[in-house]
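S.K.: So that you have it, the file is structure22.cif, and it contains mmCIF, C-alpha atoms:
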data_structure
#
loop_
_atom_site.label_atom_id
_atom_site.label_comp_id
_atom_site.auth_asym_id
_atom_site.auth_seq_id
_atom_site.Cartn_x
_atom_site.Cartn_y
_atom_site.Cartn_z
CA MET A 1 15.60 -21.25 -37.23
CA ILE A 2 15.02 -18.72 -34.48
CA LYS A 3 17.61 -20.46 -32.30
CA ILE A 4 20.26 -19.97 -34.99
CA MET A 5 19.27 -16.32 -35.35
CA LEU A 6 19.44 -15.73 -31.60
CA GLY A 7 22.78 -17.51 -31.44
CA ILE A 8 24.20 -15.28 -34.15
CA ALA A 9 22.76 -12.23 -32.35
CA LEU A 10 24.36 -13.27 -29.06
CA THR A 11 27.72 -13.77 -30.78
CA LEU A 12 27.52 -10.33 -32.36
CA PHE A 13 26.53 -8.75 -29.03
CA SER A 14 29.56 -10.31 -27.35
CA VAL A 15 31.80 -9.10 -30.17
CA ALA A 16 30.38 -5.59 -29.68
CA ILE A 17 30.99 -5.80 -25.92
CA ALA A 18 34.60 -6.90 -26.59
CA ILE A 19 35.12 -3.98 -28.98
CA SER A 20 33.76 -1.47 -26.48
CA LEU A 21 35.90 -3.03 -23.74
CA TYR A 22 38.89 -2.32 -25.96
CA ARG A 23 37.68 1.28 -26.27
CA ILE A 24 37.37 1.58 -22.47
CA ILE A 25 40.94 0.38 -21.92
CA LYS A 26 42.55 2.19 -24.84
CA GLY A 27 40.26 5.21 -25.27
CA PRO A 28 42.23 8.43 -25.50
CA SER A 29 39.74 10.62 -23.65
CA ILE A 30 37.22 10.15 -20.85
CA PRO A 31 34.09 10.79 -23.01
CA ASP A 32 35.13 7.85 -25.21
CA ARG A 33 35.16 5.64 -22.14
CA VAL A 34 31.76 6.89 -20.98
CA ILE A 35 30.19 6.24 -24.38
CA ALA A 36 31.79 2.77 -24.49
CA MET A 37 30.43 2.00 -21.02
CA ASP A 38 26.94 3.03 -22.07
CA MET A 39 27.32 0.84 -25.16
CA ILE A 40 28.27 -2.13 -22.99
CA GLY A 41 25.12 -1.55 -20.96
CA VAL A 42 22.88 -1.45 -24.02
CA ASN A 43 24.47 -4.55 -25.53
CA LEU A 44 24.16 -6.39 -22.22
CA ILE A 45 20.46 -5.53 -22.05
CA SER A 46 19.91 -6.80 -25.61
CA GLY A 47 21.92 -9.93 -24.89
CA ILE A 48 19.86 -10.71 -21.80
CA ALA A 49 16.67 -10.21 -23.83
CA ALA A 50 17.96 -12.68 -26.44
CA VAL A 51 18.87 -15.19 -23.72
CA SER A 52 15.44 -14.89 -22.16
CA ILE A 53 13.79 -15.56 -25.53
CA LEU A 54 16.14 -18.49 -26.05
CA LEU A 55 15.35 -20.05 -22.67
CA LYS A 56 11.61 -19.19 -22.90
CA THR A 57 11.53 -17.62 -19.43
CA LYS A 58 10.30 -14.38 -17.91
CA ALA A 59 12.70 -14.44 -14.99
CA TYR A 60 15.23 -12.09 -16.59
CA LEU A 61 12.89 -9.19 -17.36
CA GLU A 62 13.55 -7.49 -14.02
CA VAL A 63 17.26 -7.73 -14.74
CA ILE A 64 16.69 -5.82 -17.98
CA LEU A 65 14.78 -3.05 -16.22
CA ILE A 66 17.32 -2.68 -13.41
CA LEU A 67 20.26 -2.68 -15.85
CA GLY A 68 18.48 0.05 -17.82
CA ILE A 69 18.05 2.18 -14.70
CA LEU A 70 21.64 1.67 -13.57
CA ALA A 71 23.13 2.40 -17.01
CA PHE A 72 21.02 5.58 -17.22
CA ILE A 73 22.10 6.86 -13.79
CA SER A 74 25.77 5.98 -14.22
CA THR A 75 26.00 7.64 -17.65
CA ILE A 76 24.34 10.78 -16.30
CA SER A 77 26.61 10.98 -13.27
CA LEU A 78 29.80 10.38 -15.27
CA SER A 79 28.90 13.00 -17.87
CA ARG A 80 28.03 15.43 -15.08
CA PHE A 81 31.41 14.77 -13.49
CA ILE A 82 33.15 15.49 -16.79
CA GLU A 83 31.21 18.68 -17.42
CA ARG A 84 31.05 20.20 -13.93
CA GLY A 85 33.52 18.33 -11.75
CA VAL A 86 30.79 18.03 -9.10
CA ILE A 87 28.26 15.21 -9.21
CA ILE A 88 25.75 16.21 -6.54
CA GLU A 89 25.55 19.92 -5.91
CA ARG A 90 24.65 21.42 -2.57
CA LYS A 91 22.95 24.46 -4.06
CA ARG A 92 22.04 24.88 -7.71
CA SER A 93 24.18 27.55 -9.32
CA GLY A 94 22.71 28.15 -12.73
CA MET B 1 28.68 30.26 -20.78
CA LYS B 2 25.86 29.42 -18.45
CA ILE B 3 25.11 25.70 -18.25
CA ASN B 4 21.56 24.59 -17.66
CA ASP B 5 20.15 21.11 -17.50
CA VAL B 6 16.53 21.52 -18.51
CA ILE B 7 16.43 18.24 -20.40
CA LEU B 8 17.83 16.24 -17.51
CA GLN B 9 15.41 17.76 -15.01
CA THR B 10 12.38 17.29 -17.28
CA VAL B 11 13.30 13.67 -17.97
CA THR B 12 13.95 13.05 -14.27
CA LYS B 13 10.48 14.26 -13.26
CA ILE B 14 8.96 11.49 -15.41
CA VAL B 15 11.54 8.73 -14.99
CA VAL B 16 11.50 8.90 -11.18
CA PHE B 17 7.90 7.67 -11.15
CA ILE B 18 8.80 4.74 -13.42
CA ILE B 19 11.67 3.79 -11.10
CA LEU B 20 9.47 4.11 -8.01
CA THR B 21 6.81 1.89 -9.60
CA MET B 22 9.54 -0.63 -10.41
CA ALA B 23 10.73 -0.49 -6.79
CA VAL B 24 7.24 -1.16 -5.43
CA TYR B 25 6.78 -4.03 -7.90
CA LEU B 26 10.11 -5.58 -6.89
CA PHE B 27 9.22 -5.15 -3.21
CA ILE B 28 5.85 -6.86 -3.55
CA SER B 29 6.95 -9.67 -5.85
CA GLY B 30 8.75 -10.86 -2.76
CA HIS B 31 9.62 -14.39 -1.95
CA ASN B 32 8.31 -16.36 -4.91
CA SER B 33 10.11 -14.59 -7.74
CA PRO B 34 13.17 -12.29 -8.03
CA GLY B 35 12.71 -9.30 -5.79
CA GLY B 36 12.28 -8.56 -2.14
CA GLY B 37 13.12 -5.90 0.37
CA PHE B 38 16.82 -5.51 -0.35
CA ILE B 39 16.48 -5.05 -4.11
CA GLY B 40 13.37 -2.90 -3.76
CA GLY B 41 15.25 -0.69 -1.32
CA LEU B 42 18.21 -0.41 -3.68
CA VAL B 43 15.98 0.63 -6.61
CA LEU B 44 14.18 3.13 -4.36
CA ALA B 45 17.55 4.53 -3.33
CA SER B 46 18.58 4.82 -6.99
CA ALA B 47 15.44 6.89 -7.65
CA LEU B 48 16.45 9.21 -4.81
CA VAL B 49 20.01 9.39 -6.15
CA LEU B 50 18.65 10.36 -9.56
CA LEU B 51 16.67 13.17 -7.90
CA PHE B 52 19.78 14.36 -6.07
CA LEU B 53 21.71 14.27 -9.35
CA ALA B 54 19.23 16.24 -11.40
CA PHE B 55 18.42 18.82 -8.74
CA ASP B 56 20.52 19.75 -5.75
CA THR B 57 20.53 18.45 -2.21
CA GLU B 58 18.93 21.52 -0.63
CA THR B 59 15.89 21.47 -2.92
CA ILE B 60 15.29 17.76 -2.43
CA MET B 61 15.86 17.84 1.31
CA LYS B 62 13.35 20.69 1.55
CA ARG B 63 10.76 18.60 -0.32
CA ILE B 64 11.59 15.30 1.40
CA PRO B 65 12.36 16.36 4.98
CA LEU B 66 13.64 13.00 6.19
CA ASP B 67 16.76 12.28 8.18
CA PHE B 68 17.95 9.19 6.33
CA LYS B 69 19.96 7.98 9.31
CA MET B 70 16.67 7.86 11.20
CA VAL B 71 15.09 5.98 8.28
CA ALA B 72 17.83 3.34 8.50
CA ALA B 73 17.40 3.09 12.27
CA VAL B 74 13.61 2.70 12.00
CA GLY B 75 14.07 0.03 9.33
CA ALA B 76 16.49 -1.96 11.47
CA PHE B 77 14.10 -1.64 14.41
CA ILE B 78 11.16 -2.96 12.37
CA ALA B 79 13.21 -5.87 11.06
CA VAL B 80 14.41 -6.89 14.52
CA ALA B 81 10.99 -6.30 16.10
CA THR B 82 9.21 -8.69 13.73
CA GLY B 83 11.86 -11.27 14.53
CA ALA B 84 11.61 -10.71 18.27
CA ALA B 85 7.81 -10.83 18.27
CA SER B 86 7.99 -14.55 17.68
CA LEU B 87 9.88 -14.94 20.98
CA PHE B 88 6.76 -13.87 22.91
CA LEU B 89 4.74 -16.62 21.23
CA ASP B 90 7.20 -19.29 22.36
CA ILE B 91 8.50 -20.12 18.90
CA PRO B 92 12.07 -19.66 17.57
CA PHE B 93 13.49 -16.25 16.70
CA LEU B 94 12.58 -14.94 13.20
CA SER B 95 9.70 -17.39 12.75
CA HIS B 96 7.05 -16.12 10.38
CA ALA B 97 3.39 -16.84 9.81
CA TYR B 98 1.66 -17.41 6.49
CA SER B 99 -2.04 -17.65 5.81
CA TYR B 100 -4.78 -17.02 3.28
CA PHE B 101 -7.37 -14.28 3.63
CA ASN B 102 -10.39 -13.19 1.63
CA LEU B 103 -9.76 -9.57 0.75
CA PRO B 104 -12.53 -7.43 -0.84
CA VAL B 105 -10.87 -6.58 -4.16
CA PHE B 106 -8.11 -9.18 -4.56
CA GLY B 107 -10.10 -12.26 -3.57
CA LYS B 108 -8.17 -15.08 -1.92
CA THR B 109 -4.76 -13.70 -1.11
CA GLY B 110 -1.81 -15.21 0.67
CA LEU B 111 -0.39 -12.84 3.25
CA ALA B 112 2.84 -13.40 5.15
CA THR B 113 4.44 -11.52 7.99
CA VAL B 114 7.69 -11.74 6.03
CA THR B 115 6.47 -8.63 4.20
CA ILE B 116 6.80 -6.53 7.37
CA PHE B 117 10.34 -7.83 7.86
CA GLU B 118 11.09 -6.98 4.23
CA LEU B 119 9.69 -3.49 4.80
CA GLY B 120 12.24 -3.05 7.57
CA VAL B 121 15.04 -4.32 5.32
CA ALA B 122 13.96 -1.94 2.52
CA LEU B 123 13.90 1.07 4.84
CA GLY B 124 17.31 0.14 6.22
CA VAL B 125 18.81 -0.19 2.73
CA VAL B 126 17.32 3.13 1.57
CA GLY B 127 18.59 4.94 4.64
CA VAL B 128 22.10 3.52 4.47
CA VAL B 129 22.58 4.01 0.72
CA VAL B 130 21.29 7.60 0.69
CA THR B 131 23.36 8.46 3.76
CA ILE B 132 26.49 7.07 2.10
CA ILE B 133 25.85 8.92 -1.17
CA LEU B 134 25.11 12.21 0.60
CA SER B 135 28.13 12.03 2.88
CA ILE B 136 30.43 11.19 -0.03
CA SER B 137 29.11 14.13 -2.05
CA GLU B 138 29.24 16.48 0.92
CA ASP B 139 32.97 17.13 0.92
CA VAL B 140 33.53 19.23 -2.20
#
Could you render the structure as structure tokens?

M.R.:
Amino acid sequence: MIKIMLGIALTLFSVAIAISLYRIIKGPSIPDRVIAMDMIGVNLISGIAAVSILLKTKAYLEVILILGILAFISTISLSRFIERGVIIERKRSG
Amino acid sequence: MKINDVILQTVTKIVVFIILTMAVYLFISGHNSPGGGFIGGLVLASALVLLFLAFDTETIMKRIPLDFKMVAAVGAFIAVATGAASLFLDIPFLSHAYSYFNLPVFGKTGLATVTIFELGVALGVVGVVVTIILSISEDV
């Protein structure tokens, strides 16, 4: 039973990743692309969690944590680039 | 309109400690499970990059007065030195020792000299990644 549920969940996660990939390629503005990239990260994390339940292993938990950190930092830096144009400032202005 | 990033800086002050804990865990979980010096160094460098993002380079460099090129050089020296130390004992280059000790708190613990080599690798990775990030962001 739980295998069928996890299989359906994995299929839906891959459909969601495909949809957000379409948004990255097509997306009219840069914020759309950033949001779609963050969505890919979240769906990837959930998919890896489902796979690690399915395979009954703990080996993928570090992957989840590191993907979370990297998605967080990349979303922050991209949104900073959109808003300010500078990612790492030399001296704080405001 | 004046832009401030109070939320980002407040979140960063907490999240950096989580990332640093994760880096130390990955560094120690070493050679039996996923982890090791390279990945621990990369996660440590990502914590530093998050600090540089949320604050600015001058504030962070005042608080962490390290020349990261020197950090990379010291790391490479440690890594090569642990490899070369085995030459003086008449065994092949990069040989490592492994043994069990009775430590006070941990009980019977397996300690390896690979950990010192991994420390060198981690310092080298941190130094190189932070130097690259800082020199890319310099030219604005």

S.K.: Write out as a PyMOL selection string every residue belonging to chain A that has an atom at most 8 Å from any atom of chain B, counting only C-alpha atoms.

M.R.: chain A and resi 59+62+66+69-70+73+77+86-92+94

S.K.: I need the residue nearest A:Asp32 from this list: A:Ser52, A:Ser79, A:Ser46, A:Thr57. Use all atoms listed in the file for the distance.

M.R.: A:Ser79

S.K.: Suppose a student applies the PyMOL selection byres ((chain A and resi 3) around 12) to this structure; what residues should they get, written as a list in words?

M.R.: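 Taken on the displayed file, the PyMOL selection byres ((chain A and resi 3) around 12) yields the residues Met1, Ile2, Ile4, Met5, Leu6, Gly7, Ile8, Ala9, Leu10, Ala50, Val51, Ser52, Ile53, Leu54, Leu55 and Lys56 of chain A.
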
S.K.: To one decimal place in Å, what is the distance between atom CA of B:Gly83 and atom CA of B:Ser95?

M.R.: 6.7 Å

S.K.: Near A:Gly68, counting all atoms listed in the file, which residues have an atom at most 10 Å away, once you skip same-chain residues fewer than 5 positions from it, shown as a ChimeraX atom specification?

M.R.: /A:38,41-42,44-45,62-63,73

S.K.: Go ahead and write the selection's residues with C-alpha atoms as a JSON list (two decimals), keeping the file's coordinate frame.

M.R.:
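Below is the file out-v4.json, written as the result:
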[["chain", "number", "residue", "atom", "x", "y", "z"],
["A", 38, "ASP", "CA", 26.94, 3.03, -22.07],
["A", 41, "GLY", "CA", 25.12, -1.55, -20.96],
["A", 42, "VAL", "CA", 22.88, -1.45, -24.02],
["A", 44, "LEU", "CA", 24.16, -6.39, -22.22],
["A", 45, "ILE", "CA", 20.46, -5.53, -22.05],
["A", 62, "GLU", "CA", 13.55, -7.49, -14.02],
["A", 63, "VAL", "CA", 17.26, -7.73, -14.74],
["A", 73, "ILE", "CA", 22.10, 6.86, -13.79]]

S.K.: Starting from the displayed file, determine the output of the PyMOL selection byres ((chain A and resi 17) around 9) and express the residue list as an MDAnalysis selection string.

M.R.: chainID A and resid 12:16 18:22 36 39:41 43:44

S.K.: Env of B:Phe117: 12 Å cut, atoms = only C-alpha atoms, seq-sep filter 3 positions within chain, self excluded. Answer as a PyMOL selection string.

M.R.: chain B and resi 27+30-31+36-38+74-85+94-97+112-114+120-124

S.K.: Work out how far apart atom CA of B:Phe17 and atom CA of B:Ile64 are and give it in Å to one decimal.

M.R.: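 One can read the atom CA of B:Phe17 to atom CA of B:Ile64 distance as 15.1 Å.
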
S.K.: To one decimal place, how far is atom CA of A:Ala71 from atom CA of A:Arg33 in Å?

M.R.: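 Distance between the two atoms: 13.5 Å.
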
S.K.: What would the list of residues within 10 Å of (21.8, 6.9, 9.8) (file frame) look like as a count of residues only, if only C-alpha atoms are what count?

M.R.: 15

S.K.: Pull all heavy atoms for stretch 72-88 of chain A from the block and write them as a tab-separated table (two decimals), in the first residue's frame.

M.R.:
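Output (result.tsv):
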chain	number	residue	atom	x	y	z
A	72	PHE	N	18.35	27.39	-0.43
A	72	PHE	CA	18.17	28.63	0.36
A	72	PHE	C	19.14	29.70	-0.11
A	72	PHE	O	18.74	30.83	-0.46
A	72	PHE	CB	18.39	28.28	1.83
A	72	PHE	CG	18.30	29.43	2.77
A	72	PHE	CD1	17.10	30.09	2.94
A	72	PHE	CD2	19.40	29.82	3.52
A	72	PHE	CE1	17.01	31.14	3.82
A	72	PHE	CE2	19.31	30.86	4.40
A	72	PHE	CZ	18.12	31.52	4.55
A	73	ILE	N	20.44	29.35	-0.19
A	73	ILE	CA	21.45	30.36	-0.54
A	73	ILE	C	21.27	30.84	-1.97
A	73	ILE	O	21.38	32.03	-2.25
A	73	ILE	CB	22.86	29.79	-0.31
A	73	ILE	CG1	23.08	29.59	1.19
A	73	ILE	CG2	23.92	30.72	-0.84
A	73	ILE	CD1	24.40	29.00	1.50
A	74	SER	N	20.94	29.93	-2.89
A	74	SER	CA	20.84	30.36	-4.29
A	74	SER	C	19.61	31.24	-4.50
A	74	SER	O	19.68	32.22	-5.25
A	74	SER	CB	20.79	29.15	-5.21
A	74	SER	OG	19.72	28.34	-4.86
A	75	THR	N	18.50	30.92	-3.81
A	75	THR	CA	17.33	31.79	-3.94
A	75	THR	C	17.61	33.18	-3.39
A	75	THR	O	17.24	34.19	-4.01
A	75	THR	CB	16.14	31.17	-3.21
A	75	THR	OG1	15.99	29.84	-3.62
A	75	THR	CG2	14.88	31.94	-3.49
A	76	ILE	N	18.29	33.22	-2.23
A	76	ILE	CA	18.61	34.53	-1.63
A	76	ILE	C	19.50	35.33	-2.56
A	76	ILE	O	19.26	36.51	-2.81
A	76	ILE	CB	19.27	34.33	-0.26
A	76	ILE	CG1	18.23	33.97	0.76
A	76	ILE	CG2	20.01	35.57	0.17
A	76	ILE	CD1	18.81	33.71	2.09
A	77	SER	N	20.54	34.68	-3.12
A	77	SER	CA	21.47	35.46	-3.93
A	77	SER	C	20.83	35.92	-5.23
A	77	SER	O	21.08	37.05	-5.67
A	77	SER	CB	22.74	34.66	-4.19
A	77	SER	OG	22.42	33.42	-4.71
A	78	LEU	N	19.96	35.08	-5.82
A	78	LEU	CA	19.32	35.51	-7.07
A	78	LEU	C	18.35	36.67	-6.81
A	78	LEU	O	18.28	37.62	-7.59
A	78	LEU	CB	18.59	34.34	-7.72
A	78	LEU	CG	19.49	33.51	-8.61
A	78	LEU	CD1	18.77	32.27	-9.05
A	78	LEU	CD2	19.88	34.32	-9.81
A	79	SER	N	17.58	36.58	-5.69
A	79	SER	CA	16.63	37.66	-5.44
A	79	SER	C	17.37	38.95	-5.08
A	79	SER	O	16.92	40.05	-5.42
A	79	SER	CB	15.66	37.27	-4.35
A	79	SER	OG	16.35	36.76	-3.26
A	80	ARG	N	18.53	38.81	-4.42
A	80	ARG	CA	19.34	39.99	-4.13
A	80	ARG	C	19.86	40.61	-5.42
A	80	ARG	O	19.90	41.83	-5.57
A	80	ARG	CB	20.51	39.57	-3.27
A	80	ARG	CG	20.66	40.35	-2.02
A	80	ARG	CD	21.93	39.93	-1.38
A	80	ARG	NE	22.66	41.10	-1.01
A	80	ARG	CZ	22.46	41.74	0.12
A	80	ARG	NH1	21.56	41.33	0.96
A	80	ARG	NH2	23.15	42.80	0.40
A	81	PHE	N	20.26	39.75	-6.36
A	81	PHE	CA	20.75	40.27	-7.64
A	81	PHE	C	19.65	41.01	-8.39
A	81	PHE	O	19.89	42.04	-9.01
A	81	PHE	CB	21.28	39.11	-8.49
A	81	PHE	CG	21.71	39.53	-9.85
A	81	PHE	CD1	22.85	40.28	-10.02
A	81	PHE	CD2	20.96	39.19	-10.96
A	81	PHE	CE1	23.25	40.68	-11.27
A	81	PHE	CE2	21.35	39.58	-12.21
A	81	PHE	CZ	22.50	40.32	-12.37
A	82	ILE	N	18.41	40.49	-8.31
A	82	ILE	CA	17.32	41.17	-8.99
A	82	ILE	C	17.04	42.52	-8.34
A	82	ILE	O	16.85	43.53	-9.02
A	82	ILE	CB	16.05	40.29	-8.97
A	82	ILE	CG1	16.26	39.06	-9.84
A	82	ILE	CG2	14.85	41.05	-9.46
A	82	ILE	CD1	15.18	38.06	-9.66
A	83	GLU	N	17.07	42.53	-6.99
A	83	GLU	CA	16.64	43.75	-6.31
A	83	GLU	C	17.72	44.83	-6.32
A	83	GLU	O	17.43	46.00	-6.50
A	83	GLU	CB	16.25	43.41	-4.87
A	83	GLU	CG	15.53	44.55	-4.21
A	83	GLU	CD	14.79	44.08	-2.98
A	83	GLU	OE1	14.33	42.93	-2.98
A	83	GLU	OE2	14.69	44.85	-2.04
A	84	ARG	N	18.99	44.44	-6.10
A	84	ARG	CA	20.05	45.42	-5.95
A	84	ARG	C	20.97	45.50	-7.15
A	84	ARG	O	21.60	46.53	-7.38
A	84	ARG	CB	20.91	45.07	-4.74
A	84	ARG	CG	20.13	44.88	-3.48
A	84	ARG	CD	20.34	46.02	-2.56
A	84	ARG	NE	19.53	45.84	-1.37
A	84	ARG	CZ	20.04	45.52	-0.20
A	84	ARG	NH1	21.33	45.37	-0.08
A	84	ARG	NH2	19.27	45.40	0.84
A	85	GLY	N	21.17	44.37	-7.85
A	85	GLY	CA	22.17	44.35	-8.90
A	85	GLY	C	23.54	43.96	-8.39
A	85	GLY	O	24.42	43.65	-9.17
A	86	VAL	N	23.73	43.98	-7.06
A	86	VAL	CA	24.99	43.58	-6.45
A	86	VAL	C	24.68	42.44	-5.49
A	86	VAL	O	23.73	42.50	-4.73
A	86	VAL	CB	25.63	44.75	-5.67
A	86	VAL	CG1	26.93	44.31	-5.05
A	86	VAL	CG2	25.84	45.92	-6.58
A	87	ILE	N	25.49	41.37	-5.56
A	87	ILE	CA	25.19	40.23	-4.69
A	87	ILE	C	25.90	40.38	-3.35
A	87	ILE	O	25.29	40.32	-2.29
A	87	ILE	CB	25.59	38.91	-5.38
A	87	ILE	CG1	24.71	38.72	-6.61
A	87	ILE	CG2	25.39	37.76	-4.44
A	87	ILE	CD1	25.04	37.47	-7.36
A	88	ILE	N	27.20	40.60	-3.37
A	88	ILE	CA	27.95	40.77	-2.13
A	88	ILE	C	28.47	42.20	-2.09
A	88	ILE	O	29.27	42.59	-2.93
A	88	ILE	CB	29.11	39.77	-2.03
A	88	ILE	CG1	28.56	38.35	-2.01
A	88	ILE	CG2	29.92	40.02	-0.79
A	88	ILE	CD1	29.61	37.31	-1.97
